[in-house]
Amino acid sequence: MVSQHTLPNFRQQQGMVLIIGLVMLLLMTIVALAAIRGSGTQELMAGNMRDRNMAFQAAEAGLRVAEELLDDPSLLAFNNTNGLYLDLGASNDELPSEWSESDWQANSAAVGLNLEGVASPPRYVIEQLTRLPAAGTEGGAIDFSSQLGAQENIYYRITSRGTGGSNNAVVLLQTIVR
């Protein structure tokens, strides 16, 4: 026979295990929600980094196409159309890197490449900068025979604009070539 002293007395129970269990469940839920939120943020950051990398690669492709165009002997005249300009910085303070989206569409040349995954093809602008005089042509102390072989250098500033998977990711690259 079982005595009364060995059976638990349910009237003396106060539910502490239930309260502790609910607090632990609440803490685990908060940790799980923080992990879900963190993984979502990391996924957004990875997508943004991918878009920026694609935009960078597209802008780099635009630079390379423009550089190849400068090597072409049948280069068109710099008449301030088709992305070929005469020294924009000398005439005003507006540089291509500060152009708006509509200015880029209207005043630049599109790259004829079919790049997969970008929102729009890269565009470029080539500026023929003011000619810099060759060394010694300004009255320097260089003898006449060394001036005969000197040539004037023409510098070009190439600005390329590339977009990533969306038009929100934009990269501008600029280089100066001689």
# chains A, B, ... in the order shown; residues from 1 in each chain; ligands from 1
$ residues_around --residues "Glu127 (chain A)" --least-positions-apart "6" --cutoff "6 Å" --atoms "only C-alpha atoms" --output "compact mmCIF listing (two decimals) with N, CA and C atoms, in the first residue's frame"
# COMPACT_ATOMS: atom_id res chain seq x y z
N LEU A 84 31.83 62.08 -78.64
CA LEU A 84 33.16 62.64 -78.93
C LEU A 84 33.11 64.14 -78.71
N TYR A 85 33.81 64.62 -77.71
CA TYR A 85 33.72 66.03 -77.31
C TYR A 85 35.10 66.66 -77.27
N LEU A 86 35.10 67.97 -77.43
CA LEU A 86 36.33 68.76 -77.29
C LEU A 86 36.36 69.36 -75.90
N ASP A 87 37.22 68.90 -75.07
CA ASP A 87 37.55 69.43 -73.74
C ASP A 87 36.38 70.09 -73.02
N TYR A 156 43.33 62.25 -74.17
CA TYR A 156 41.90 61.98 -74.23
C TYR A 156 41.45 61.50 -72.86
N ARG A 157 40.32 62.04 -72.42
CA ARG A 157 39.71 61.56 -71.18
C ARG A 157 38.50 60.72 -71.57
$ closest_residue --among "A:Leu25, A:Val111, A:Ile126, A:Met49" --to "Gly162 (chain A)" --atoms "only C-alpha atoms"
A:Val111
$ atom_distance --atom1 "CA of Ala55 (chain A)" --atom2 "CA of Ala169 (chain A)"
6.3 Å
$ closest_residue --among "A:Val118, A:Leu27, A:Leu63, A:Ala109" --to "Thr175 (chain A)" --atoms "only C-alpha atoms"
A:Leu63
